[in-house]
file model05.cif (mmCIF, C-alpha atoms)
data_model
#
loop_
_atom_site.label_atom_id
_atom_site.label_comp_id
_atom_site.auth_asym_id
_atom_site.auth_seq_id
_atom_site.Cartn_x
_atom_site.Cartn_y
_atom_site.Cartn_z
CA MET A 1 35.01 -82.29 -20.84
CA GLU A 2 37.66 -82.64 -18.11
CA PRO A 3 38.32 -79.54 -16.03
CA LEU A 4 41.83 -78.11 -16.22
CA GLY A 5 44.38 -78.84 -13.53
CA LEU A 6 44.14 -76.50 -10.54
CA GLU A 7 47.88 -75.89 -10.44
CA ALA A 8 47.97 -74.30 -13.94
CA ARG A 9 48.83 -70.61 -14.04
CA PRO A 10 46.93 -69.29 -17.06
CA ARG A 11 48.00 -66.05 -18.65
CA LEU A 12 47.20 -64.04 -21.75
CA LYS A 13 49.85 -64.61 -24.38
CA ARG A 14 52.23 -61.83 -25.23
CA GLY A 15 50.50 -59.66 -27.82
CA VAL A 16 47.04 -60.35 -26.41
CA ARG A 17 45.29 -57.58 -24.52
CA LEU A 18 41.93 -57.18 -22.77
CA VAL A 19 40.47 -53.71 -23.25
CA HIS A 20 37.23 -51.94 -22.43
CA ASN A 21 35.87 -49.70 -25.17
CA GLU A 22 32.59 -47.84 -24.66
CA ALA A 23 31.97 -47.33 -28.37
CA GLN A 24 32.27 -51.09 -28.91
CA GLY A 25 29.90 -51.87 -26.08
CA GLY A 26 32.20 -53.44 -23.53
CA TRP A 27 35.07 -55.84 -23.09
CA VAL A 28 37.16 -56.99 -26.02
CA LEU A 29 40.10 -59.36 -26.14
CA LEU A 30 42.54 -58.11 -28.77
CA ALA A 31 45.00 -60.28 -30.65
CA PRO A 32 46.82 -59.95 -33.96
CA GLU A 33 44.21 -58.93 -36.54
CA ARG A 34 41.52 -60.52 -34.42
CA LEU A 35 39.18 -59.49 -31.69
CA PHE A 36 36.83 -61.38 -29.43
CA GLN A 37 34.01 -59.69 -27.62
CA THR A 38 33.61 -61.16 -24.18
CA ASP A 39 30.87 -60.79 -21.59
CA PRO A 40 31.61 -59.25 -18.17
CA ILE A 41 32.04 -62.71 -16.59
CA GLY A 42 34.59 -63.67 -19.24
CA ALA A 43 36.37 -60.39 -18.60
CA GLU A 44 36.47 -61.13 -14.85
CA ILE A 45 38.09 -64.49 -15.59
CA LEU A 46 40.61 -63.03 -18.04
CA LYS A 47 41.61 -60.17 -15.76
CA ARG A 48 42.83 -62.80 -13.32
CA CYS A 49 44.91 -64.66 -15.91
CA THR A 50 48.18 -62.94 -15.14
CA GLY A 51 50.45 -65.98 -15.05
CA GLU A 52 50.81 -65.55 -11.30
CA ALA A 53 47.57 -66.85 -9.84
CA THR A 54 46.90 -70.60 -10.09
CA LEU A 55 43.67 -71.80 -11.61
CA GLY A 56 42.65 -73.00 -8.14
CA ALA A 57 43.11 -69.50 -6.70
CA ILE A 58 41.22 -67.93 -9.60
CA VAL A 59 38.29 -70.29 -9.15
CA ASP A 60 38.23 -69.70 -5.35
CA ASP A 61 38.29 -65.97 -5.94
CA LEU A 62 35.42 -66.08 -8.46
CA ALA A 63 33.39 -68.48 -6.31
CA THR A 64 33.59 -66.00 -3.46
CA ALA A 65 32.97 -62.93 -5.62
CA TYR A 66 29.90 -64.44 -7.31
CA ASN A 67 28.74 -66.68 -4.50
CA ALA A 68 28.56 -69.59 -6.94
CA PRO A 69 29.40 -73.31 -6.65
CA ARG A 70 33.09 -73.95 -7.14
CA GLY A 71 32.62 -76.94 -9.45
CA GLU A 72 30.41 -74.96 -11.80
CA ILE A 73 32.90 -72.11 -11.95
CA LEU A 74 35.75 -74.50 -12.61
CA ASP A 75 33.81 -75.96 -15.56
CA ASP A 76 33.05 -72.51 -17.00
CA VAL A 77 36.60 -71.25 -16.56
CA SER A 78 38.05 -74.45 -18.04
CA ALA A 79 35.79 -74.23 -21.09
CA LEU A 80 36.66 -70.60 -21.75
CA LEU A 81 40.40 -71.02 -21.24
CA ARG A 82 40.52 -74.16 -23.39
CA THR A 83 38.80 -72.33 -26.23
CA LEU A 84 41.14 -69.38 -25.93
CA ALA A 85 44.22 -71.60 -25.67
CA GLU A 86 43.19 -73.31 -28.90
CA LYS A 87 42.97 -69.89 -30.50
CA GLN A 88 46.51 -69.16 -29.26
CA LEU A 89 45.33 -66.38 -26.96
CA VAL A 90 46.06 -67.94 -23.58
CA ASP A 91 48.92 -70.04 -22.21
CA LEU A 92 47.84 -72.69 -19.75
CA MET B 1 27.03 -54.58 -33.62
CA ALA B 2 27.38 -51.55 -31.39
CA THR B 3 26.41 -48.24 -32.92
CA ASN B 4 27.32 -44.74 -31.95
CA GLY B 5 23.91 -43.22 -31.48
CA ALA B 6 22.51 -41.39 -34.46
CA ALA B 7 21.40 -43.04 -37.68
CA ASN B 8 22.37 -46.56 -36.67
CA LEU B 9 25.94 -45.84 -37.69
CA PRO B 10 28.35 -48.72 -36.99
CA ASN B 11 31.62 -48.14 -35.15
CA PRO B 12 34.81 -49.00 -36.99
CA VAL B 13 37.12 -51.46 -35.23
CA GLY B 14 40.20 -51.31 -37.43
CA LEU B 15 42.31 -48.56 -38.98
CA LEU B 16 44.79 -49.26 -41.76
CA ALA B 17 47.35 -46.48 -41.59
CA GLU B 18 49.32 -46.35 -44.80
CA LEU B 19 52.23 -44.32 -43.52
CA THR B 20 54.01 -44.14 -46.87
CA HIS B 21 53.83 -45.60 -50.34
CA ARG B 22 57.62 -45.80 -50.51
CA CYS B 23 58.88 -49.41 -50.54
CA PRO B 24 62.12 -51.09 -51.59
CA LEU B 25 60.23 -54.17 -52.81
CA GLY B 26 58.40 -54.41 -56.11
CA CYS B 27 55.86 -57.20 -55.58
CA PRO B 28 53.71 -57.60 -58.70
CA TYR B 29 50.53 -57.88 -56.58
CA CYS B 30 51.16 -54.78 -54.45
CA SER B 31 47.96 -53.44 -52.89
CA ASN B 32 49.03 -49.82 -53.29
CA PRO B 33 47.43 -47.83 -56.11
CA LEU B 34 49.04 -47.64 -59.55
CA ALA B 35 49.60 -43.92 -58.98
CA LEU B 36 51.68 -43.79 -55.80
CA GLU B 37 51.64 -40.80 -53.45
CA GLY B 38 55.04 -39.12 -53.00
CA ARG B 39 57.04 -38.46 -49.88
CA ALA B 40 56.38 -34.70 -49.97
CA ASP B 41 52.64 -35.32 -49.52
CA GLU B 42 52.95 -37.63 -46.48
CA LEU B 43 51.18 -36.71 -43.23
CA ASP B 44 53.47 -35.62 -40.42
CA LEU B 45 53.76 -37.22 -36.99
CA ASP B 46 51.42 -34.77 -35.23
CA THR B 47 48.65 -35.37 -37.73
CA TRP B 48 48.98 -39.14 -37.38
CA ALA B 49 48.87 -38.76 -33.58
CA ARG B 50 45.61 -36.79 -33.89
CA VAL B 51 44.16 -39.38 -36.28
CA PHE B 52 44.96 -42.17 -33.77
CA ARG B 53 43.26 -40.31 -30.91
CA GLU B 54 40.20 -39.62 -33.03
CA ALA B 55 40.15 -43.24 -34.16
CA ALA B 56 40.20 -44.56 -30.59
CA THR B 57 37.29 -42.29 -29.63
CA LEU B 58 35.37 -43.55 -32.64
CA GLY B 59 35.72 -47.12 -31.37
CA VAL B 60 38.77 -48.28 -33.32
CA LEU B 61 40.63 -50.95 -31.35
CA GLN B 62 43.44 -51.94 -33.67
CA VAL B 63 45.71 -49.92 -35.92
CA HIS B 64 47.75 -51.53 -38.66
CA LEU B 65 50.83 -49.49 -39.46
CA SER B 66 51.42 -50.28 -43.07
CA GLY B 67 52.64 -48.85 -46.34
CA GLY B 68 54.46 -49.20 -48.70
CA GLU B 69 57.13 -50.13 -46.25
CA PRO B 70 56.44 -48.31 -42.97
CA GLY B 71 60.14 -48.66 -42.13
CA ALA B 72 60.77 -46.02 -44.80
CA ARG B 73 59.38 -43.44 -42.33
CA ARG B 74 62.20 -42.06 -40.18
CA ASP B 75 59.68 -41.28 -37.43
CA LEU B 76 58.16 -44.78 -37.32
CA VAL B 77 59.07 -45.27 -33.65
CA GLU B 78 57.39 -41.99 -32.69
CA ILE B 79 54.32 -42.85 -34.77
CA THR B 80 54.10 -46.23 -33.04
CA LYS B 81 54.36 -44.55 -29.67
CA ALA B 82 51.54 -42.17 -30.59
CA ALA B 83 49.31 -45.09 -31.58
CA ASN B 84 50.06 -46.86 -28.33
CA GLN B 85 49.39 -43.73 -26.30
CA ALA B 86 46.02 -43.39 -28.02
CA GLY B 87 45.19 -46.79 -26.52
CA LEU B 88 45.22 -48.70 -29.80
CA TYR B 89 46.43 -52.25 -30.29
CA THR B 90 49.38 -51.62 -32.59
CA ASN B 91 50.34 -53.92 -35.43
CA LEU B 92 53.27 -53.30 -37.77
CA ILE B 93 52.96 -54.71 -41.28
CA THR B 94 56.43 -54.82 -42.77
CA SER B 95 58.56 -56.34 -45.51
CA ALA B 96 61.40 -56.42 -42.92
CA VAL B 97 63.60 -54.36 -45.23
CA GLY B 98 64.31 -51.15 -43.35
CA ILE B 99 63.77 -52.50 -39.83
CA ASN B 100 66.96 -53.62 -38.14
CA ALA B 101 67.44 -55.09 -34.66
CA GLU B 102 68.03 -51.73 -33.02
CA ARG B 103 64.93 -50.18 -34.54
CA LEU B 104 62.85 -53.20 -33.62
CA ALA B 105 63.90 -52.88 -30.00
CA ALA B 106 62.87 -49.20 -30.06
CA LEU B 107 59.51 -50.16 -31.57
CA ALA B 108 58.93 -52.76 -28.88
CA ALA B 109 59.76 -50.16 -26.22
CA ALA B 110 57.32 -47.77 -27.90
CA GLY B 111 54.53 -50.27 -27.26
CA LEU B 112 54.28 -52.28 -30.45
CA ASP B 113 51.94 -55.22 -29.79
CA HIS B 114 52.50 -57.36 -32.84
CA ILE B 115 54.48 -57.55 -36.04
CA GLN B 116 53.57 -59.06 -39.37
CA ILE B 117 56.33 -59.89 -41.83
CA SER B 118 55.58 -60.68 -45.44
CA VAL B 119 57.42 -63.64 -46.96
CA GLN B 120 57.10 -64.05 -50.73
CA ASP B 121 57.98 -67.76 -50.91
CA SER B 122 59.58 -70.56 -48.92
CA GLU B 123 62.50 -70.75 -51.39
CA GLN B 124 64.99 -67.91 -51.20
CA SER B 125 65.62 -67.39 -54.91
CA SER B 126 61.93 -67.48 -55.79
CA ALA B 127 61.07 -65.18 -52.87
CA ASP B 128 63.64 -62.60 -53.95
CA HIS B 129 62.48 -62.87 -57.56
CA ILE B 130 58.83 -62.24 -56.63
CA ALA B 131 59.79 -59.32 -54.38
CA GLY B 132 62.07 -57.91 -57.08
CA TYR B 133 64.74 -57.41 -54.41
CA GLN B 134 67.89 -59.47 -53.93
CA GLY B 135 68.49 -60.38 -50.31
CA ALA B 136 64.93 -59.69 -49.12
CA PHE B 137 64.39 -63.26 -47.89
CA ARG B 138 67.53 -63.23 -45.75
CA ARG B 139 66.47 -59.92 -44.14
CA LYS B 140 63.09 -61.42 -43.24
CA ARG B 141 64.69 -64.42 -41.58
CA GLU B 142 66.99 -62.12 -39.59
CA LEU B 143 64.20 -59.83 -38.45
CA ALA B 144 61.97 -62.76 -37.48
CA ALA B 145 64.76 -64.05 -35.23
CA GLU B 146 64.96 -60.65 -33.55
CA VAL B 147 61.19 -60.52 -33.09
CA VAL B 148 61.28 -63.87 -31.31
CA ARG B 149 64.31 -62.87 -29.25
CA LEU B 150 62.41 -59.79 -27.99
CA GLY B 151 59.36 -61.91 -27.18
CA LEU B 152 57.08 -60.05 -29.60
CA LEU B 153 54.26 -61.89 -31.32
CA LEU B 154 54.94 -62.71 -34.98
CA THR B 155 52.65 -63.33 -37.94
CA ILE B 156 53.98 -64.40 -41.31
CA ASN B 157 51.99 -63.25 -44.32
CA MET B 158 52.31 -65.19 -47.52
CA VAL B 159 50.61 -63.94 -50.65
CA VAL B 160 49.77 -66.98 -52.76
CA HIS B 161 49.71 -67.19 -56.56
CA ARG B 162 50.71 -69.54 -59.33
CA ALA B 163 54.47 -69.45 -58.62
CA ASN B 164 54.25 -70.50 -54.96
CA ILE B 165 50.80 -72.03 -54.41
CA GLU B 166 52.20 -75.58 -54.38
CA ARG B 167 54.49 -74.77 -51.44
CA ILE B 168 51.91 -73.80 -48.82
CA ASP B 169 52.94 -76.70 -46.60
CA ARG B 170 56.57 -75.66 -46.80
CA MET B 171 55.54 -72.05 -45.98
CA VAL B 172 53.75 -73.14 -42.82
CA GLU B 173 56.85 -75.09 -41.78
CA LEU B 174 58.97 -72.03 -42.50
CA ALA B 175 56.67 -69.83 -40.40
CA LEU B 176 57.08 -72.30 -37.52
CA GLU B 177 60.83 -72.29 -38.05
CA PHE B 178 60.74 -68.47 -37.91
CA GLY B 179 58.88 -68.67 -34.58
CA ALA B 180 55.55 -67.30 -35.80
CA SER B 181 52.36 -68.01 -33.88
CA ARG B 182 50.19 -67.18 -36.85
CA ILE B 183 50.38 -67.36 -40.63
CA GLU B 184 48.14 -65.68 -43.18
CA ILE B 185 47.73 -67.53 -46.43
CA ALA B 186 46.42 -64.76 -48.65
CA HIS B 187 45.56 -65.69 -52.19
CA VAL B 188 46.14 -62.73 -54.51
CA GLN B 189 43.22 -60.36 -54.86
CA TYR B 190 43.13 -58.78 -58.28
CA TYR B 191 43.19 -55.00 -57.95
CA GLY B 192 45.74 -52.43 -59.07
CA TRP B 193 49.12 -54.05 -59.64
CA ALA B 194 47.75 -57.57 -59.31
CA LEU B 195 45.12 -56.82 -61.94
CA LYS B 196 47.94 -55.71 -64.26
CA ASN B 197 49.70 -59.04 -63.59
CA ARG B 198 46.60 -61.21 -63.40
CA ALA B 199 47.46 -63.71 -66.11
CA ALA B 200 50.99 -64.14 -64.71
CA LEU B 201 49.69 -64.71 -61.15
CA MET B 202 46.55 -66.76 -61.77
CA PRO B 203 46.75 -70.34 -60.47
CA SER B 204 44.99 -73.23 -62.16
CA ARG B 205 41.83 -74.79 -60.74
CA GLU B 206 43.86 -77.91 -59.90
CA GLN B 207 46.38 -75.83 -57.95
CA VAL B 208 43.60 -74.09 -56.03
CA ASP B 209 41.92 -77.39 -55.16
CA GLY B 210 45.29 -78.75 -54.04
CA ALA B 211 45.93 -75.67 -51.88
CA ILE B 212 42.55 -75.94 -50.17
CA ALA B 213 43.08 -79.63 -49.41
CA ALA B 214 46.60 -78.89 -48.14
CA LEU B 215 45.26 -76.20 -45.86
CA GLU B 216 42.84 -78.54 -44.14
CA SER B 217 45.48 -81.12 -43.41
CA LEU B 218 47.95 -78.43 -42.26
CA ARG B 219 45.37 -77.06 -39.83
CA ARG B 220 44.85 -80.51 -38.36
CA ARG B 221 48.56 -81.24 -38.15
CA TYR B 222 49.60 -77.94 -36.54
CA GLN B 223 46.42 -77.12 -34.60
CA GLU B 224 48.10 -76.34 -31.30
CA ARG B 225 51.26 -74.77 -32.72
CA ILE B 226 50.21 -72.11 -35.18
CA VAL B 227 47.05 -70.28 -36.22
CA ILE B 228 46.50 -70.59 -39.96
CA ASP B 229 44.25 -67.89 -41.42
CA ALA B 230 43.43 -68.10 -45.09
CA VAL B 231 41.78 -65.80 -47.59
CA PHE B 232 40.09 -67.86 -50.29
CA PRO B 233 40.98 -67.14 -53.94
CA ASP B 234 37.73 -65.49 -54.86
CA TYR B 235 37.86 -66.01 -58.64
CA PHE B 236 37.33 -69.68 -57.77
CA ALA B 237 34.58 -69.12 -55.22
CA ARG B 238 30.80 -69.52 -55.49
CA TYR B 239 29.98 -66.53 -53.31
CA PRO B 240 31.89 -63.26 -52.95
CA LYS B 241 33.93 -62.30 -49.92
CA PRO B 242 32.36 -59.83 -47.46
CA CYS B 243 34.92 -57.24 -48.54
CA VAL B 244 36.33 -55.26 -45.58
CA GLY B 245 33.45 -56.71 -43.55
CA GLY B 246 31.05 -54.40 -45.39
CA TRP B 247 31.68 -50.95 -46.84
CA GLY B 248 32.03 -48.29 -44.12
CA ARG B 249 31.08 -50.78 -41.47
CA ARG B 250 34.18 -52.22 -39.74
CA SER B 251 37.27 -50.42 -40.94
CA LEU B 252 38.82 -47.46 -42.61
CA ASN B 253 42.03 -46.71 -44.42
CA VAL B 254 44.08 -43.51 -44.32
CA THR B 255 46.46 -42.98 -47.23
CA PRO B 256 49.94 -41.46 -46.80
CA SER B 257 48.59 -38.03 -47.74
CA GLY B 258 45.55 -38.28 -45.44
CA ARG B 259 42.73 -39.32 -47.73
CA VAL B 260 40.29 -41.57 -45.89
CA LEU B 261 39.06 -44.60 -47.83
CA PRO B 262 36.59 -47.38 -47.02
CA CYS B 263 39.17 -49.85 -48.39
CA HIS B 264 42.63 -49.58 -49.86
CA ALA B 265 41.42 -49.95 -53.45
CA ALA B 266 38.44 -47.58 -53.22
CA GLU B 267 40.18 -44.88 -55.25
CA THR B 268 39.90 -47.13 -58.32
CA ILE B 269 36.15 -46.40 -58.38
CA PRO B 270 35.61 -43.21 -60.34
CA GLY B 271 33.30 -40.49 -59.08
CA LEU B 272 33.70 -41.16 -55.35
CA GLU B 273 34.53 -38.10 -53.23
CA PHE B 274 37.11 -38.81 -50.54
CA TRP B 275 37.68 -36.45 -47.62
CA SER B 276 41.01 -35.85 -45.93
CA VAL B 277 42.07 -35.83 -42.29
CA ARG B 278 43.87 -32.59 -43.12
CA ASP B 279 40.47 -30.88 -43.44
CA ARG B 280 38.11 -32.79 -41.17
CA SER B 281 37.93 -35.01 -38.11
CA LEU B 282 37.86 -38.76 -38.57
CA ALA B 283 34.40 -38.95 -36.94
CA GLU B 284 32.95 -36.49 -39.44
CA ILE B 285 34.54 -38.34 -42.35
CA TRP B 286 33.35 -41.74 -41.11
CA GLU B 287 29.78 -40.53 -40.76
CA ALA B 288 29.30 -38.16 -43.65
CA SER B 289 31.99 -38.54 -46.31
CA PRO B 290 30.27 -39.19 -49.67
CA ALA B 291 32.66 -42.09 -50.33
CA PHE B 292 31.66 -43.84 -47.08
CA ARG B 293 27.97 -43.22 -47.66
CA ALA B 294 28.04 -44.47 -51.24
CA PHE B 295 27.83 -48.20 -50.44
CA ARG B 296 27.17 -48.35 -46.71
CA GLY B 297 24.35 -50.68 -45.71
CA THR B 298 22.15 -52.36 -48.32
CA ASP B 299 20.07 -49.51 -49.80
CA TRP B 300 22.38 -49.09 -52.80
CA MET B 301 21.92 -52.70 -53.89
CA ARG B 302 20.17 -53.91 -57.00
CA GLU B 303 19.08 -57.41 -57.89
CA PRO B 304 20.15 -60.11 -57.33
CA CYS B 305 21.69 -58.61 -54.15
CA ALA B 306 18.74 -56.51 -52.98
CA THR B 307 16.57 -59.47 -52.01
CA CYS B 308 19.36 -62.01 -51.44
CA PRO B 309 19.25 -63.74 -48.04
CA ARG B 310 23.05 -63.35 -47.89
CA ARG B 311 23.02 -59.57 -48.35
CA GLU B 312 23.88 -58.87 -44.69
CA ARG B 313 26.57 -61.56 -44.79
CA ASP B 314 28.64 -60.67 -47.83
CA PHE B 315 27.29 -57.18 -48.57
CA GLY B 316 27.21 -57.78 -52.30
CA GLY B 317 30.92 -58.64 -52.29
CA CYS B 318 33.55 -56.16 -53.35
CA ARG B 319 32.64 -52.82 -54.96
CA CYS B 320 36.10 -52.35 -56.44
CA GLN B 321 35.97 -55.77 -58.06
CA ALA B 322 32.47 -55.14 -59.38
CA PHE B 323 33.75 -51.98 -61.01
CA ALA B 324 37.02 -53.48 -62.26
CA LEU B 325 35.25 -56.35 -64.01
CA THR B 326 31.88 -54.90 -65.07
CA GLY B 327 32.51 -51.15 -65.18
CA ASP B 328 29.66 -50.65 -62.68
CA ALA B 329 30.49 -50.32 -58.98
CA ARG B 330 26.84 -51.01 -58.01
CA ALA B 331 26.75 -54.35 -59.76
CA THR B 332 26.86 -57.64 -57.87
CA ASP B 333 30.46 -58.76 -57.43
CA PRO B 334 30.78 -61.05 -60.47
CA VAL B 335 32.58 -63.61 -58.30
CA CYS B 336 29.08 -64.53 -57.09
CA HIS B 337 27.55 -67.34 -59.12
CA LEU B 338 24.24 -65.44 -59.00
CA SER B 339 25.76 -62.49 -60.87
CA PRO B 340 24.73 -62.18 -64.53
CA ASP B 341 28.43 -61.48 -65.23
CA HIS B 342 29.75 -64.57 -63.45
CA SER B 343 30.83 -66.37 -66.64
CA MET B 344 33.39 -63.59 -67.14
CA VAL B 345 35.14 -64.58 -63.90
CA GLU B 346 35.26 -68.21 -64.94
CA ARG B 347 36.77 -67.19 -68.26
CA LEU B 348 39.38 -64.90 -66.62
CA ALA B 349 40.31 -67.55 -64.05
CA ALA B 350 41.22 -69.87 -66.91
CA ILE B 351 43.74 -67.44 -68.43
CA GLN B 352 47.26 -68.24 -67.30
CA GLU B 353 50.26 -66.85 -69.13
CA ASP B 354 53.89 -67.29 -68.15
CA ARG B 355 54.97 -63.73 -68.78
CA ALA B 356 57.40 -61.51 -66.88
CA TYR B 357 55.93 -59.62 -63.91
CA VAL B 358 55.24 -55.92 -64.16
CA TYR B 359 56.90 -54.93 -60.89
CA ARG B 360 55.45 -52.17 -58.78
CA ARG B 361 57.80 -49.23 -59.01
#

call {"tool": "encode", "arguments": {"input": "model05.cif", "output": "structure tokens"}}
result
Amino acid sequence: MEPLGLEARPRLKRGVRLVHNEAQGGWVLLAPERLFQTDPIGAEILKRCTGEATLGAIVDDLATAYNAPRGEILDDVSALLRTLAEKQLVDL
Amino acid sequence: MATNGAANLPNPVGLLAELTHRCPLGCPYCSNPLALEGRADELDLDTWARVFREAATLGVLQVHLSGGEPGARRDLVEITKAANQAGLYTNLITSAVGINAERLAALAAAGLDHIQISVQDSEQSSADHIAGYQGAFRRKRELAAEVVRLGLLLTINMVVHRANIERIDRMVELALEFGASRIEIAHVQYYGWALKNRAALMPSREQVDGAIAALESLRRRYQERIVIDAVFPDYFARYPKPCVGGWGRRSLNVTPSGRVLPCHAAETIPGLEFWSVRDRSLAEIWEASPAFRAFRGTDWMREPCATCPRRERDFGGCRCQAFALTGDARATDPVCHLSPDHSMVERLAAIQEDRAYVYRR
């Protein structure tokens, strides 16, 4: 699958919130009548989706933070955001 | 699933807060009980605020402020604020009657995350007839416009039955026109008022097949524009629905007077003992209330459920439906084709009578 464009500024849609709940065992993305448990890496991606940072900046930031290859991170981030955009949780 | 320590007890994720049973509408499939609780018995704001805090500690993530019509509560804005302050994702489930633009703005400022408006049909006269309230449809359209103007997220809920099942495509178009990002197509579930009106609401097999085919093509057509969630009409299913995601497993329901139920219809099962938030904490009720323990897990099951490979998937179906149709709440939900009582469901699904609705009053 094609990676997303680096100039996109992804953000959680209005009405979608990322919360941490101990009793539920970690990070959860909350949307109308739905919830998606996400792993810590997913949470790190989503925390950066504020609508301000570009995808390029987010990927750079994560590549530095996790000392991982940029291309790999771009693929992971693109896959996650595409899935969430399809579920109407993220605007790209 | 995460558990909270002792006894492998699951954590609830959702709380249905029935703030009041009062409602201006009279929908013949209302999910409220036949015996409605009165205004004098309703929990006050402080008690609801405590319930929300206790719920959040218990693991609840989302609260659904419902009714009746929650707008009938004068302190709805304060209640919403309390839910938000407890850290809960706050969803208002409304008929739109009783929420005007000014109140909606106050709710948004109080931290409301999402609003769900019921629409009875895509055609105004039919919608008002089903709701038993002249002018209801117009109020819904007006409120939806305000929701969009404020930038809040909107879901449209359409309860489907014989009178409107052939207009699902038109309903999805209407939801888009209203600015919704999600629509729930909820086929009537037959409890309480809907059970009373079953023959008047029951669609034909051809209508159900048509609706299912329509749904698939609508999902393809509007994939990127609107989320379409659908609850299957279970009288026409082969397997039962995993009712409330399993009894005492995912969610709980607090009635206007504070009784805590595993699902909104649980009071129809005789002999269950419900505890109240007036007397006990939500955590104690969730763990130890006899009503929650009655059908939690799989130990209560008999055959064919007890050894069924699907028992952890659909949890034997719905206890209330098992009781309503067989008189035994421990029976397999007769919707399941493996139930010895399944032929009864097939027979009931074939009974359609064009009689006047018994409106909820």

call {"tool": "residues_near_point", "arguments": {"input": "model05.cif", "point": "(50.7, -70.3, -11.2)", "cutoff": "6 Å", "atoms": "all atoms listed in the file", "output": "ChimeraX atom specification"}}
result
/A:8-9,51-54

call {"tool": "resolve_selection", "arguments": {"input": "model05.cif", "expression": "the PyMOL selection byres ((chain B and resi 18-33) around 7)", "output": "PyMOL selection string"}}
result
chain B and resi 16-17+34-37+42+65-70+72+130-133+188+192-194+197+254-256+265+357-361

call {"tool": "write_last_selection", "arguments": {"input": "model05.cif", "atoms": "C-alpha atoms", "output": "PDB file, keeping the file's coordinate frame"}}
result
ATOM      1  CA  LEU B  16      44.790 -49.260 -41.760  1.00  0.00           C
ATOM      2  CA  ALA B  17      47.350 -46.480 -41.590  1.00  0.00           C
ATOM      3  CA  LEU B  34      49.040 -47.640 -59.550  1.00  0.00           C
ATOM      4  CA  ALA B  35      49.600 -43.920 -58.980  1.00  0.00           C
ATOM      5  CA  LEU B  36      51.680 -43.790 -55.800  1.00  0.00           C
ATOM      6  CA  GLU B  37      51.640 -40.800 -53.450  1.00  0.00           C
ATOM      7  CA  GLU B  42      52.950 -37.630 -46.480  1.00  0.00           C
ATOM      8  CA  LEU B  65      50.830 -49.490 -39.460  1.00  0.00           C
ATOM      9  CA  SER B  66      51.420 -50.280 -43.070  1.00  0.00           C
ATOM     10  CA  GLY B  67      52.640 -48.850 -46.340  1.00  0.00           C
ATOM     11  CA  GLY B  68      54.460 -49.200 -48.700  1.00  0.00           C
ATOM     12  CA  GLU B  69      57.130 -50.130 -46.250  1.00  0.00           C
ATOM     13  CA  PRO B  70      56.440 -48.310 -42.970  1.00  0.00           C
ATOM     14  CA  ALA B  72      60.770 -46.020 -44.800  1.00  0.00           C
ATOM     15  CA  ILE B 130      58.830 -62.240 -56.630  1.00  0.00           C
ATOM     16  CA  ALA B 131      59.790 -59.320 -54.380  1.00  0.00           C
ATOM     17  CA  GLY B 132      62.070 -57.910 -57.080  1.00  0.00           C
ATOM     18  CA  TYR B 133      64.740 -57.410 -54.410  1.00  0.00           C
ATOM     19  CA  VAL B 188      46.140 -62.730 -54.510  1.00  0.00           C
ATOM     20  CA  GLY B 192      45.740 -52.430 -59.070  1.00  0.00           C
ATOM     21  CA  TRP B 193      49.120 -54.050 -59.640  1.00  0.00           C
ATOM     22  CA  ALA B 194      47.750 -57.570 -59.310  1.00  0.00           C
ATOM     23  CA  ASN B 197      49.700 -59.040 -63.590  1.00  0.00           C
ATOM     24  CA  VAL B 254      44.080 -43.510 -44.320  1.00  0.00           C
ATOM     25  CA  THR B 255      46.460 -42.980 -47.230  1.00  0.00           C
ATOM     26  CA  PRO B 256      49.940 -41.460 -46.800  1.00  0.00           C
ATOM     27  CA  ALA B 265      41.420 -49.950 -53.450  1.00  0.00           C
ATOM     28  CA  TYR B 357      55.930 -59.620 -63.910  1.00  0.00           C
ATOM     29  CA  VAL B 358      55.240 -55.920 -64.160  1.00  0.00           C
ATOM     30  CA  TYR B 359      56.900 -54.930 -60.890  1.00  0.00           C
ATOM     31  CA  ARG B 360      55.450 -52.170 -58.780  1.00  0.00           C
ATOM     32  CA  ARG B 361      57.800 -49.230 -59.010  1.00  0.00           C
TER      33      ARG B 361
END

call {"tool": "resolve_selection", "arguments": {"input": "model05.cif", "expression": "the PyMOL selection byres ((chain B and resi 172) around 10)", "output": "ChimeraX atom specification"}}
result
/B:122,156,158,167-171,173-178,180,182-185,215,218-219,222,226-228

call {"tool": "interface_residues", "arguments": {"input": "model05.cif", "of": "chain B", "to": "chain A", "cutoff": "8 Å", "atoms": "all atoms listed in the file", "output": "MDAnalysis selection string"}}
result
chainID B and resid 1:4 11 13 57:59 61:62 89 91 113:114 151:153 155 181 223:224 226:227

call {"tool": "write_last_selection", "arguments": {"input": "model05.cif", "atoms": "C-alpha atoms", "output": "short mmCIF file (atom, residue, chain, number, x, y, z; two decimals), in the coordinates of the input"}}
result
data_model
loop_
_atom_site.label_atom_id
_atom_site.label_comp_id
_atom_site.auth_asym_id
_atom_site.auth_seq_id
_atom_site.Cartn_x
_atom_site.Cartn_y
_atom_site.Cartn_z
CA MET B 1 27.03 -54.58 -33.62
CA ALA B 2 27.38 -51.55 -31.39
CA THR B 3 26.41 -48.24 -32.92
CA ASN B 4 27.32 -44.74 -31.95
CA ASN B 11 31.62 -48.14 -35.15
CA VAL B 13 37.12 -51.46 -35.23
CA THR B 57 37.29 -42.29 -29.63
CA LEU B 58 35.37 -43.55 -32.64
CA GLY B 59 35.72 -47.12 -31.37
CA LEU B 61 40.63 -50.95 -31.35
CA GLN B 62 43.44 -51.94 -33.67
CA TYR B 89 46.43 -52.25 -30.29
CA ASN B 91 50.34 -53.92 -35.43
CA ASP B 113 51.94 -55.22 -29.79
CA HIS B 114 52.50 -57.36 -32.84
CA GLY B 151 59.36 -61.91 -27.18
CA LEU B 152 57.08 -60.05 -29.60
CA LEU B 153 54.26 -61.89 -31.32
CA THR B 155 52.65 -63.33 -37.94
CA SER B 181 52.36 -68.01 -33.88
CA GLN B 223 46.42 -77.12 -34.60
CA GLU B 224 48.10 -76.34 -31.30
CA ILE B 226 50.21 -72.11 -35.18
CA VAL B 227 47.05 -70.28 -36.22
#
